[in-house]
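Source file: model_5.cif. Holds: mmCIF, C-alpha atoms and all ligand atoms.
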```cif
data_target
#
loop_
_atom_site.label_atom_id
_atom_site.label_comp_id
_atom_site.auth_asym_id
_atom_site.auth_seq_id
_atom_site.Cartn_x
_atom_site.Cartn_y
_atom_site.Cartn_z
CA MET A 5 0.00 0.00 0.00
CA ALA A 6 1.41 3.38 -1.04
CA GLU A 7 2.17 5.75 1.79
CA LEU A 8 -0.41 8.51 2.18
CA PRO A 9 0.66 12.17 1.93
CA PRO A 10 0.79 14.12 5.20
CA LEU A 11 -2.25 16.19 6.15
CA LEU A 12 -2.35 19.60 4.46
CA THR A 13 -2.37 22.69 6.68
CA ALA A 14 -4.05 26.08 6.40
CA SER A 15 -0.82 27.60 5.04
CA PRO A 16 -1.19 29.58 1.79
CA SER A 17 0.91 27.05 -0.12
CA ASP A 18 -1.11 24.08 1.15
CA LEU A 19 -4.40 25.80 0.34
CA SER A 20 -3.09 26.57 -3.15
CA ARG A 21 -2.27 22.88 -3.50
CA ALA A 22 -5.80 21.93 -2.37
CA ALA A 23 -7.31 24.39 -4.86
CA GLU A 24 -5.09 23.05 -7.67
CA LEU A 25 -6.13 19.47 -6.92
CA LEU A 26 -9.81 20.42 -6.93
CA ARG A 27 -9.49 22.32 -10.21
CA ALA A 28 -7.80 19.25 -11.68
CA GLY A 29 -10.85 17.12 -10.75
CA GLU A 30 -9.47 15.49 -7.61
CA ILE A 31 -11.32 15.16 -4.29
CA VAL A 32 -10.05 16.87 -1.15
CA ALA A 33 -11.40 16.65 2.40
CA LEU A 34 -11.89 20.11 3.91
CA PRO A 35 -12.98 21.31 7.34
CA THR A 36 -16.29 23.13 7.68
CA GLU A 37 -17.96 24.56 10.77
CA THR A 38 -20.29 21.50 10.86
CA VAL A 39 -18.28 18.37 9.94
CA TYR A 40 -15.42 17.60 7.49
CA GLY A 41 -16.60 17.61 3.88
CA LEU A 42 -15.35 15.56 0.94
CA ALA A 43 -15.11 18.30 -1.67
CA ALA A 44 -15.18 18.14 -5.47
CA ASP A 45 -15.73 20.67 -8.25
CA ALA A 46 -19.55 20.84 -8.30
CA LEU A 47 -19.64 21.31 -12.07
CA ASN A 48 -17.29 18.42 -12.99
CA PRO A 49 -19.14 15.07 -13.27
CA ALA A 50 -15.89 13.04 -13.26
CA ALA A 51 -14.83 14.68 -9.99
CA LEU A 52 -18.30 14.15 -8.50
CA ALA A 53 -18.16 10.46 -9.43
CA LYS A 54 -15.02 10.16 -7.27
CA VAL A 55 -16.95 11.47 -4.25
CA PHE A 56 -19.62 8.79 -4.65
CA ALA A 57 -16.98 6.09 -5.17
CA ALA A 58 -14.89 7.12 -2.13
CA LYS A 59 -17.91 7.19 0.16
CA GLY A 60 -19.70 4.17 -1.30
CA ARG A 61 -22.60 6.58 -1.58
CA PRO A 62 -25.61 5.57 -3.69
CA LEU A 63 -26.05 7.78 -6.77
CA VAL A 64 -29.66 8.54 -5.75
CA ASP A 65 -28.38 10.59 -2.80
CA PRO A 66 -27.86 14.22 -3.89
CA LEU A 67 -25.01 16.45 -2.70
CA ILE A 68 -24.92 19.87 -1.05
CA VAL A 69 -23.17 22.51 -3.15
CA HIS A 70 -21.11 25.04 -1.18
CA VAL A 71 -20.67 28.55 -2.54
CA ALA A 72 -18.71 31.59 -1.35
CA ASP A 73 -21.57 34.09 -1.57
CA LEU A 74 -24.91 34.93 -3.15
CA ALA A 75 -23.24 35.84 -6.45
CA GLN A 76 -21.78 32.30 -6.70
CA LEU A 77 -25.12 30.89 -5.60
CA ALA A 78 -26.86 32.62 -8.50
CA THR A 79 -24.65 30.69 -10.96
CA ILE A 80 -26.15 27.34 -9.91
CA ALA A 81 -29.58 28.01 -8.37
CA GLN A 82 -32.54 30.32 -8.77
CA PRO A 83 -32.27 32.80 -5.91
CA ASP A 84 -35.40 33.26 -3.78
CA PRO A 85 -36.53 36.62 -2.36
CA ARG A 86 -36.65 34.99 1.10
CA LEU A 87 -32.84 34.58 1.06
CA ALA A 88 -32.50 38.26 2.03
CA ALA A 89 -34.27 37.52 5.31
CA LEU A 90 -31.83 34.66 5.99
CA ALA A 91 -28.79 36.95 5.63
CA PRO A 92 -28.14 37.01 9.41
CA LEU A 93 -27.78 33.18 9.38
CA TRP A 94 -25.44 33.04 6.39
CA PRO A 95 -22.53 32.29 6.09
CA GLY A 96 -23.18 29.46 8.53
CA PRO A 97 -24.45 25.93 9.12
CA LEU A 98 -27.58 26.37 6.99
CA THR A 99 -28.37 24.66 3.66
CA VAL A 100 -31.22 25.90 1.48
CA VAL A 101 -32.92 23.86 -1.25
CA LEU A 102 -33.76 25.94 -4.33
CA PRO A 103 -34.73 25.35 -7.96
CA ARG A 104 -31.59 24.33 -9.87
CA LEU A 105 -30.09 25.92 -12.96
CA PRO A 106 -29.38 23.62 -15.95
CA VAL A 107 -25.59 23.94 -15.49
CA VAL A 108 -25.73 21.71 -12.37
CA PRO A 109 -24.81 18.10 -13.20
CA ASP A 110 -27.48 15.44 -12.53
CA LEU A 111 -25.00 13.65 -10.24
CA VAL A 112 -25.26 16.57 -7.81
CA THR A 113 -29.05 16.61 -7.65
CA ALA A 114 -29.81 12.91 -8.23
CA GLY A 115 -31.92 14.12 -11.13
CA LEU A 116 -34.13 16.34 -8.94
CA ASP A 117 -35.12 19.76 -10.25
CA THR A 118 -33.75 21.33 -7.05
CA VAL A 119 -30.26 21.85 -5.67
CA ALA A 120 -29.14 22.16 -2.04
CA VAL A 121 -26.80 25.14 -1.48
CA ARG A 122 -24.89 26.44 1.48
CA ILE A 123 -22.60 29.40 2.21
CA PRO A 124 -20.24 27.98 4.86
CA SER A 125 -18.45 30.22 7.36
CA HIS A 126 -15.26 28.19 7.89
CA ARG A 127 -12.27 30.31 6.95
CA ILE A 128 -10.38 27.49 5.20
CA PHE A 129 -13.37 26.28 3.24
CA ARG A 130 -14.23 29.83 2.16
CA GLU A 131 -10.66 30.45 1.03
CA VAL A 132 -10.75 27.36 -1.19
CA LEU A 133 -14.23 28.26 -2.52
CA SER A 134 -13.05 31.70 -3.55
CA ARG A 135 -10.22 30.10 -5.54
CA VAL A 136 -12.11 27.20 -7.13
CA GLY A 137 -15.82 28.08 -7.34
CA PRO A 138 -18.80 25.96 -6.22
CA LEU A 139 -17.80 22.75 -4.41
CA ALA A 140 -20.05 19.76 -3.77
CA ALA A 141 -19.16 18.30 -0.40
CA PRO A 142 -20.96 15.56 1.54
CA SER A 143 -19.53 14.50 4.85
CA ALA A 144 -16.09 12.89 4.45
CA ASN A 145 -16.99 9.42 5.75
CA PRO A 146 -18.12 6.08 4.33
CA PHE A 147 -21.84 6.28 3.52
CA GLY A 148 -24.03 5.74 6.58
CA TYR A 149 -21.20 5.89 9.13
CA VAL A 150 -20.60 8.56 11.77
CA SER A 151 -19.57 11.94 10.27
CA PRO A 152 -15.98 13.18 10.84
CA THR A 153 -15.31 16.12 13.15
CA LEU A 154 -11.49 15.80 13.07
CA ALA A 155 -9.04 15.35 10.19
CA SER A 156 -7.93 12.08 11.82
CA HIS A 157 -11.50 10.73 11.51
CA VAL A 158 -11.30 11.23 7.74
CA ARG A 159 -7.94 9.49 7.51
CA ASP A 160 -9.10 6.63 9.76
CA SER A 161 -12.23 5.85 7.80
CA LEU A 162 -11.39 6.80 4.19
CA GLY A 163 -7.64 6.08 4.12
CA GLU A 164 -6.29 5.91 0.58
CA ARG A 165 -9.75 6.63 -0.82
CA CYS A 166 -9.07 10.27 0.09
CA PRO A 167 -5.32 10.98 0.23
CA TRP A 168 -5.71 14.78 0.45
CA ILE A 169 -7.06 16.22 3.69
CA VAL A 170 -6.76 19.78 4.99
CA ASP A 171 -6.50 19.75 8.78
CA GLY A 172 -8.49 22.59 10.32
CA GLY A 173 -8.76 21.14 13.83
CA PRO A 174 -12.08 20.19 15.44
CA CYS A 175 -15.35 21.37 13.85
CA ALA A 176 -17.19 24.10 15.75
CA HIS A 177 -20.71 22.61 15.58
CA GLY A 178 -20.09 18.89 15.16
CA VAL A 179 -23.43 18.06 13.52
CA GLU A 180 -24.45 18.53 9.89
CA SER A 181 -26.11 21.70 8.62
CA THR A 182 -29.78 22.51 9.00
CA ILE A 183 -31.57 21.93 5.68
CA LEU A 184 -34.39 24.31 4.74
CA ASP A 185 -36.45 23.70 1.61
CA LEU A 186 -37.46 26.95 -0.11
CA SER A 187 -37.98 25.37 -3.54
CA ARG A 188 -41.71 26.09 -3.52
CA SER A 189 -42.84 29.67 -3.15
CA GLY A 190 -44.83 30.41 -0.03
CA VAL A 191 -43.68 27.20 1.70
CA ALA A 192 -40.67 26.75 4.00
CA ARG A 193 -39.91 23.23 5.16
CA LEU A 194 -37.28 21.96 7.58
CA LEU A 195 -35.80 18.82 5.98
CA ARG A 196 -33.04 18.18 8.51
CA PRO A 197 -32.58 19.75 11.97
CA GLY A 198 -29.13 21.18 12.62
CA PRO A 199 -27.24 23.94 14.44
CA VAL A 200 -29.61 26.61 13.07
CA THR A 201 -32.85 25.96 14.96
CA ARG A 202 -36.38 26.04 13.58
CA GLU A 203 -37.14 28.92 15.95
CA SER A 204 -34.31 31.05 14.53
CA LEU A 205 -35.44 30.27 10.97
CA GLU A 206 -39.00 31.27 11.79
CA SER A 207 -37.95 34.49 13.43
CA ALA A 208 -35.66 35.37 10.50
CA LEU A 209 -38.30 34.54 7.88
CA GLY A 210 -41.19 35.93 9.89
CA ALA A 211 -43.19 32.89 8.77
CA PRO A 212 -43.83 29.35 10.03
CA VAL A 213 -41.46 26.55 9.01
CA GLU A 214 -43.04 23.13 8.50
CA THR A 215 -41.20 20.12 9.84
CA VAL A 216 -41.01 17.24 7.39
CA VAL A 217 -41.07 13.80 8.94
CA HIS A 218 -39.67 11.63 6.24
CA SER A 219 -37.89 8.38 5.68
CA ALA A 220 -38.27 7.21 2.12
CA PRO A 221 -37.04 3.84 0.88
CA SER A 222 -33.35 4.13 0.04
CA SER A 223 -33.88 2.89 -3.53
CA GLN A 224 -35.49 6.18 -4.56
CA ALA A 225 -34.06 9.66 -4.94
CA GLN A 226 -34.30 11.11 -1.48
CA LEU A 227 -35.97 14.35 -0.61
CA ALA A 228 -33.21 14.78 1.94
CA PRO A 229 -30.92 11.78 2.05
CA GLY A 230 -29.49 12.64 5.45
CA MET A 231 -33.03 11.87 6.55
CA LEU A 232 -32.61 8.16 5.87
CA GLU A 233 -33.89 6.49 8.98
CA ARG A 234 -30.59 4.71 9.62
CA HIS A 235 -27.60 7.02 9.23
CA TYR A 236 -24.68 8.43 11.20
CA SER A 237 -24.38 4.95 12.73
CA PRO A 238 -21.55 3.32 14.61
CA ARG A 239 -21.26 -0.48 14.31
CA THR A 240 -22.05 -0.94 18.01
CA PRO A 241 -25.83 -1.15 18.67
CA ILE A 242 -27.28 1.87 20.48
CA ARG A 243 -30.25 2.00 22.86
CA LEU A 244 -31.76 5.33 23.85
CA PHE A 245 -33.35 6.62 27.02
CA ALA A 246 -35.03 9.90 28.00
CA ARG A 247 -33.05 12.77 29.55
CA GLY A 248 -32.69 12.36 33.29
CA ALA A 249 -34.30 8.88 33.35
CA GLU A 250 -32.64 5.81 34.89
CA PRO A 251 -31.70 3.55 31.97
CA ASP A 252 -32.05 -0.22 31.86
CA ILE A 253 -28.48 -1.40 31.51
CA PRO A 254 -28.37 -4.80 29.76
CA PRO A 255 -26.15 -7.53 31.22
CA ALA A 256 -23.44 -6.94 28.65
CA HIS A 257 -20.17 -5.06 28.22
CA ALA A 258 -21.92 -1.69 27.98
CA ALA A 259 -21.06 2.02 27.78
CA VAL A 260 -23.54 4.64 28.92
CA LEU A 261 -23.44 7.96 27.08
CA LEU A 262 -24.74 10.82 29.23
CA GLN A 263 -25.66 14.39 28.29
CA SER A 264 -23.93 15.75 31.40
CA ARG A 265 -21.83 14.57 34.32
CA ARG A 266 -23.96 12.87 36.98
CA ALA A 267 -23.10 12.50 40.63
CA ALA A 268 -24.15 8.85 40.46
CA PRO A 269 -23.89 7.43 36.95
CA PRO A 270 -26.05 4.35 36.22
CA ALA A 271 -24.49 1.16 37.59
CA GLY A 272 -23.40 -1.68 35.33
CA ALA A 273 -21.94 0.36 32.48
CA GLU A 274 -18.90 2.51 31.91
CA PRO A 275 -20.03 6.17 31.89
CA PHE A 276 -19.05 8.80 29.29
CA HIS A 277 -20.48 12.29 29.10
CA LEU A 278 -20.98 14.63 26.16
CA SER A 279 -20.81 17.81 28.23
CA GLU A 280 -19.93 18.67 31.83
CA SER A 281 -22.99 20.82 32.39
CA GLY A 282 -25.49 19.48 29.84
CA ASP A 283 -24.93 22.28 27.31
CA PRO A 284 -26.47 20.89 24.08
CA ALA A 285 -24.07 22.82 21.79
CA GLU A 286 -21.08 21.32 23.62
CA ALA A 287 -22.74 17.89 23.49
CA ALA A 288 -23.35 18.19 19.73
CA ARG A 289 -19.70 19.12 19.20
CA ALA A 290 -18.57 16.03 21.12
CA LEU A 291 -21.11 13.47 19.86
CA PHE A 292 -19.52 12.01 16.73
CA ALA A 293 -15.98 11.83 18.15
CA LEU A 294 -17.30 10.00 21.20
CA LEU A 295 -19.36 7.56 19.12
CA ARG A 296 -16.25 6.75 17.08
CA LYS A 297 -14.20 6.25 20.23
CA LEU A 298 -16.78 3.92 21.80
CA ASP A 299 -17.05 2.02 18.52
CA ARG A 300 -13.32 1.26 18.68
CA ARG A 301 -13.51 0.04 22.26
CA GLY A 302 -15.56 -3.07 21.52
CA TYR A 303 -18.62 -2.52 23.73
CA GLU A 304 -21.54 -4.82 23.03
CA VAL A 305 -23.98 -1.97 23.42
CA ILE A 306 -24.03 1.83 23.91
CA VAL A 307 -26.88 3.08 26.09
CA ALA A 308 -27.36 6.76 25.20
CA GLU A 309 -29.28 9.53 26.92
CA LEU A 310 -31.34 11.82 24.67
CA ALA A 311 -31.02 15.61 25.04
CA ASP A 312 -33.88 17.94 25.90
CA GLU A 313 -35.85 18.38 22.68
CA SER A 314 -35.15 22.08 22.16
CA GLY A 315 -32.56 24.27 20.43
CA VAL A 316 -29.67 22.25 19.00
CA GLY A 317 -30.92 19.35 21.19
CA VAL A 318 -33.39 18.63 18.36
CA ALA A 319 -30.49 17.99 15.95
CA LEU A 320 -28.57 16.01 18.57
CA ASN A 321 -31.57 13.75 19.18
CA ASP A 322 -32.17 13.36 15.44
CA ARG A 323 -28.60 12.06 15.00
CA LEU A 324 -28.86 9.81 18.07
CA ARG A 325 -32.12 8.27 16.80
CA ARG A 326 -30.67 7.63 13.36
CA ALA A 327 -27.53 6.16 14.91
CA ALA A 328 -29.76 3.84 16.96
CA ALA A 329 -32.06 2.78 14.07
CA ARG A 330 -31.52 -0.75 12.81
P1 LIG B 401 -24.38 14.62 3.72
O1 LIG B 401 -24.23 13.29 3.10
O2 LIG B 401 -24.44 14.57 5.21
O3 LIG B 401 -23.46 15.65 3.21
O4 LIG B 401 -25.81 15.12 3.34
C1 LIG B 401 -26.08 15.74 2.12
C2 LIG B 401 -27.44 16.28 2.24
O5 LIG B 401 -27.86 17.08 1.16
C3 LIG B 401 -28.48 15.25 2.31
O6 LIG B 401 -28.64 14.84 3.61
C4 LIG B 401 -29.72 15.93 1.79
O7 LIG B 401 -30.52 16.25 2.89
C5 LIG B 401 -29.26 17.17 1.16
N1 LIG B 401 -29.70 17.44 -0.22
C6 LIG B 401 -28.91 17.54 -1.28
N2 LIG B 401 -29.62 17.88 -2.38
C7 LIG B 401 -30.89 17.99 -2.03
C8 LIG B 401 -32.09 18.34 -2.73
N3 LIG B 401 -32.09 18.65 -4.03
N4 LIG B 401 -33.23 18.35 -2.03
C9 LIG B 401 -33.21 18.07 -0.71
N5 LIG B 401 -32.11 17.77 0.00
C10 LIG B 401 -30.95 17.71 -0.64
MG MG B 402 -23.24 12.33 5.48
#
```
What does the file become when written as structure tokens?
Ligand code: AMP
Ligand code: MG
Amino acid sequence: MAELPPLLTASPSDLSRAAELLRAGEIVALPTETVYGLAADALNPAALAKVFAAKGRPLVDPLIVHVADLAQLATIAQPDPRLAALAPLWPGPLTVVLPRLPVVPDLVTAGLDTVAVRIPSHRIFREVLSRVGPLAAPSANPFGYVSPTLASHVRDSLGERCPWIVDGGPCAHGVESTILDLSRSGVARLLRPGPVTRESLESALGAPVETVVHSAPSSQAQLAPGMLERHYSPRTPIRLFARGAEPDIPPAHAAVLLQSRRAAPPAGAEPFHLSESGDPAEAARALFALLRKLDRRGYEVIVAELADESGVGVALNDRLRRAAAR
């Protein structure tokens, strides 16, 4: 096996190298404020095909296209007047689904007439976007597995399938972007909960946002593929329990994943906590790294406490439920 190149840094010469590779149709893993993305030139079908191959991602699962600003957005999607109201939330961990323009390859949209777009805030990602143009970037992990929040996660799970990784340290949010569907006028639908809450979307838009409960069969083009019932899953089975409740610990080699440190953790399992104080943003940041760690430790089961169902706790619980689905 050929030796892999060292991780790229945020130095100007390394970012030039990353941009060069992307322009040449290669894939490069880049940090974002949510999770690490596996980036490719969004307008180059051969480059996009490499993303699907590296992830083992089904072609029916469309990709999010990242753009530097609204001017770049207007080259791939039909802008919507409501985007002006979302300005305070962008750049940031928010993806908006809009009608596509014909220039967008079918591989990006899985043949849908819409395209998902995001203006990320991460300095490194933005620097590369400004040099290369729109980049499609799903999470940089094998399809269905836990998303990467560190460069080492990408290397561990993709290895030689993605030799080029820019190391930007840990991701600030740790869960994937909120997805808002604005493709139909007069209707705003939340397709995936994320760091931007439904409440903040509603107050920005000044209009209600519908929540879509959706898990379509995986053989069809997905409305929002991250919404597949089973996703973000470690190999170890996960059982969930309500916040603050006393869990049933099975008679097995078990880990218990807690939202905050407890004076008396449940007996019969090794305790781990996502946050000292129960801060859901801190817990979200820690979730995927901890799931990966527990997965390596060979527990027979992970018993995980749900967060309070509010704020970013909604996204945290969404990921925990999908990780637990079998
Ligand atoms: P990930 O694999 O985590 O990067 O997720 C990519 C996400 O893009 C999916 O979870 C979908 O929710 C979303 N997506 C991409 N294109 C579309 C689209 N045209 N309509 C709705 N959702 C989309
Ligand atoms: Mg993903």
message = Here is a test: counting all atoms listed in the file, which residue of A:Glu250, A:Glu233, A:Asp283, A:Glu203 is nearest to Ala268 in chain A?
response = A:Glu250
Proximity of chain A to ligand LIG 401 (chain B): per-residue shortest pair, 8 Å limit, all atoms listed in the file, as a Markdown table:
```
| residue | atom | partner | partner_atom | distance |
| --- | --- | --- | --- | --- |
| A:Gly41 | CA | B:LIG401 | O3 | 7.2 |
| A:Asp65 | CA | B:LIG401 | C3 | 6.9 |
| A:Pro66 | CA | B:LIG401 | N2 | 4.3 |
| A:Leu67 | CA | B:LIG401 | C6 | 4.3 |
| A:Ile68 | CA | B:LIG401 | O5 | 4.6 |
| A:Val69 | CA | B:LIG401 | C6 | 7.8 |
| A:Thr99 | CA | B:LIG401 | C5 | 7.9 |
| A:Val101 | CA | B:LIG401 | N4 | 5.6 |
| A:Leu102 | CA | B:LIG401 | N3 | 7.5 |
| A:Val112 | CA | B:LIG401 | N2 | 7.1 |
| A:Thr113 | CA | B:LIG401 | N3 | 5.1 |
| A:Ala114 | CA | B:LIG401 | N3 | 7.5 |
| A:Leu116 | CA | B:LIG401 | N3 | 5.8 |
| A:Asp117 | CA | B:LIG401 | N3 | 7.0 |
| A:Thr118 | CA | B:LIG401 | N3 | 4.4 |
| A:Val119 | CA | B:LIG401 | N3 | 4.0 |
| A:Ala120 | CA | B:LIG401 | N2 | 4.3 |
| A:Val121 | CA | B:LIG401 | N2 | 7.8 |
| A:Ala141 | CA | B:LIG401 | O3 | 6.2 |
| A:Pro142 | CA | B:LIG401 | O3 | 3.0 |
| A:Ser143 | CA | B:LIG401 | O3 | 4.4 |
| A:Ala144 | CA | B:LIG401 | O3 | 8.0 |
| A:Phe147 | CA | B:LIG401 | O1 | 7.4 |
| A:Ser151 | CA | B:LIG401 | O2 | 7.5 |
| A:Glu180 | CA | B:LIG401 | O2 | 6.1 |
| A:Ile183 | CA | B:LIG401 | O7 | 6.4 |
| A:Asp185 | CA | B:LIG401 | C9 | 6.9 |
| A:Leu195 | CA | B:LIG401 | O7 | 6.6 |
| A:Arg196 | CA | B:LIG401 | O7 | 6.5 |
| A:Gln226 | CA | B:LIG401 | C9 | 7.1 |
| A:Leu227 | CA | B:LIG401 | C9 | 4.6 |
| A:Ala228 | CA | B:LIG401 | O7 | 3.2 |
| A:Pro229 | CA | B:LIG401 | O6 | 4.1 |
| A:Gly230 | CA | B:LIG401 | O6 | 3.0 |
| A:Met231 | CA | B:LIG401 | O6 | 6.1 |
```
Store the residues of this selection in a file with C-alpha atoms, as a PDB file, in the frame of the given file.
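New file again-v1.pdb:
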```
ATOM      1  CA  GLY A  41     -16.600  17.610   3.880  1.00  0.00           C
ATOM      2  CA  ASP A  65     -28.380  10.590  -2.800  1.00  0.00           C
ATOM      3  CA  PRO A  66     -27.860  14.220  -3.890  1.00  0.00           C
ATOM      4  CA  LEU A  67     -25.010  16.450  -2.700  1.00  0.00           C
ATOM      5  CA  ILE A  68     -24.920  19.870  -1.050  1.00  0.00           C
ATOM      6  CA  VAL A  69     -23.170  22.510  -3.150  1.00  0.00           C
ATOM      7  CA  THR A  99     -28.370  24.660   3.660  1.00  0.00           C
ATOM      8  CA  VAL A 101     -32.920  23.860  -1.250  1.00  0.00           C
ATOM      9  CA  LEU A 102     -33.760  25.940  -4.330  1.00  0.00           C
ATOM     10  CA  VAL A 112     -25.260  16.570  -7.810  1.00  0.00           C
ATOM     11  CA  THR A 113     -29.050  16.610  -7.650  1.00  0.00           C
ATOM     12  CA  ALA A 114     -29.810  12.910  -8.230  1.00  0.00           C
ATOM     13  CA  LEU A 116     -34.130  16.340  -8.940  1.00  0.00           C
ATOM     14  CA  ASP A 117     -35.120  19.760 -10.250  1.00  0.00           C
ATOM     15  CA  THR A 118     -33.750  21.330  -7.050  1.00  0.00           C
ATOM     16  CA  VAL A 119     -30.260  21.850  -5.670  1.00  0.00           C
ATOM     17  CA  ALA A 120     -29.140  22.160  -2.040  1.00  0.00           C
ATOM     18  CA  VAL A 121     -26.800  25.140  -1.480  1.00  0.00           C
ATOM     19  CA  ALA A 141     -19.160  18.300  -0.400  1.00  0.00           C
ATOM     20  CA  PRO A 142     -20.960  15.560   1.540  1.00  0.00           C
ATOM     21  CA  SER A 143     -19.530  14.500   4.850  1.00  0.00           C
ATOM     22  CA  ALA A 144     -16.090  12.890   4.450  1.00  0.00           C
ATOM     23  CA  PHE A 147     -21.840   6.280   3.520  1.00  0.00           C
ATOM     24  CA  SER A 151     -19.570  11.940  10.270  1.00  0.00           C
ATOM     25  CA  GLU A 180     -24.450  18.530   9.890  1.00  0.00           C
ATOM     26  CA  ILE A 183     -31.570  21.930   5.680  1.00  0.00           C
ATOM     27  CA  ASP A 185     -36.450  23.700   1.610  1.00  0.00           C
ATOM     28  CA  LEU A 195     -35.800  18.820   5.980  1.00  0.00           C
ATOM     29  CA  ARG A 196     -33.040  18.180   8.510  1.00  0.00           C
ATOM     30  CA  GLN A 226     -34.300  11.110  -1.480  1.00  0.00           C
ATOM     31  CA  LEU A 227     -35.970  14.350  -0.610  1.00  0.00           C
ATOM     32  CA  ALA A 228     -33.210  14.780   1.940  1.00  0.00           C
ATOM     33  CA  PRO A 229     -30.920  11.780   2.050  1.00  0.00           C
ATOM     34  CA  GLY A 230     -29.490  12.640   5.450  1.00  0.00           C
ATOM     35  CA  MET A 231     -33.030  11.870   6.550  1.00  0.00           C
TER      36      MET A 231
END
```
request  = In Å, rounded to a single decimal, give me how far CA of His177 in chain A is from CA of Ala33 in chain A.
outcome  =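 Computing the Euclidean distance for CA of Ala33 in chain A and CA of His177 in chain A yields 17.2 Å.
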query = What separation in Å, quoted to one decimal, exists between CA of Ile128 in chain A and CA of Arg104 in chain A?
reply =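 CA of Arg104 in chain A lies 26.2 Å from CA of Ile128 in chain A.
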inquiry  = One number please: CA of His257 in chain A to CA of Ala327 in chain A, in Å, one decimal.
reply    =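 Interatomic distance here is 18.9 Å.
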Point (-29.8, 0.0, 26.3), cut-off 8 Å, counting all atoms listed in the file, residues as a ChimeraX atom specification = /A:242-245,251-254,305-308
I need the chosen residues saved as a PDB file, in the coordinates of the input, with C-alpha atoms.
```
ATOM      1  CA  ILE A 242     -27.280   1.870  20.480  1.00  0.00           C
ATOM      2  CA  ARG A 243     -30.250   2.000  22.860  1.00  0.00           C
ATOM      3  CA  LEU A 244     -31.760   5.330  23.850  1.00  0.00           C
ATOM      4  CA  PHE A 245     -33.350   6.620  27.020  1.00  0.00           C
ATOM      5  CA  PRO A 251     -31.700   3.550  31.970  1.00  0.00           C
ATOM      6  CA  ASP A 252     -32.050  -0.220  31.860  1.00  0.00           C
ATOM      7  CA  ILE A 253     -28.480  -1.400  31.510  1.00  0.00           C
ATOM      8  CA  PRO A 254     -28.370  -4.800  29.760  1.00  0.00           C
ATOM      9  CA  VAL A 305     -23.980  -1.970  23.420  1.00  0.00           C
ATOM     10  CA  ILE A 306     -24.030   1.830  23.910  1.00  0.00           C
ATOM     11  CA  VAL A 307     -26.880   3.080  26.090  1.00  0.00           C
ATOM     12  CA  ALA A 308     -27.360   6.760  25.200  1.00  0.00           C
TER      13      ALA A 308
END
```
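Closest approach to Arg86 in chain A from the set A:Leu139, A:Val100, A:Leu25, A:Val170 is made by A:Val100, with distances taken over all atoms listed in the file.
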message = Which residue is closest to ligand MG 402 (chain B)? Choose from A:Asn145, A:Asn321, A:Ser237, A:Thr215 and count only C-alpha atoms and all ligand atoms.
response = A:Asn145
task = Excluding Pro106 in chain A and any residue of its chain fewer than 5 positions from it, enumerate the residues within 10 Å of it, using only C-alpha atoms, and give them as a VMD selection string.
result = chain A and resid 79 to 81 117
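Neighbouring residues of Gly172 in chain A at 8 Å or closer, counting all atoms listed in the file and skipping chain neighbours under 5 positions away, are Thr13, Ala14, Leu34, Pro35, Ile128, Leu154 and Ala155 of chain A.
With distances restricted to only C-alpha atoms, A:Val136 is the closest residue to Gly29 in chain A from A:Val136, A:Ala290, A:Ala75, A:Ala57.
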ask   = Contacts of Gly302 in chain A at 10 Å or less, counting all atoms listed in the file, minus same-chain residues fewer than 3 places along, as a list in words?
value =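 The contact residues come out as Arg239, Thr240, His257, Ala258, Ala259, Lys297, Leu298, Asp299 and Val305 of chain A.
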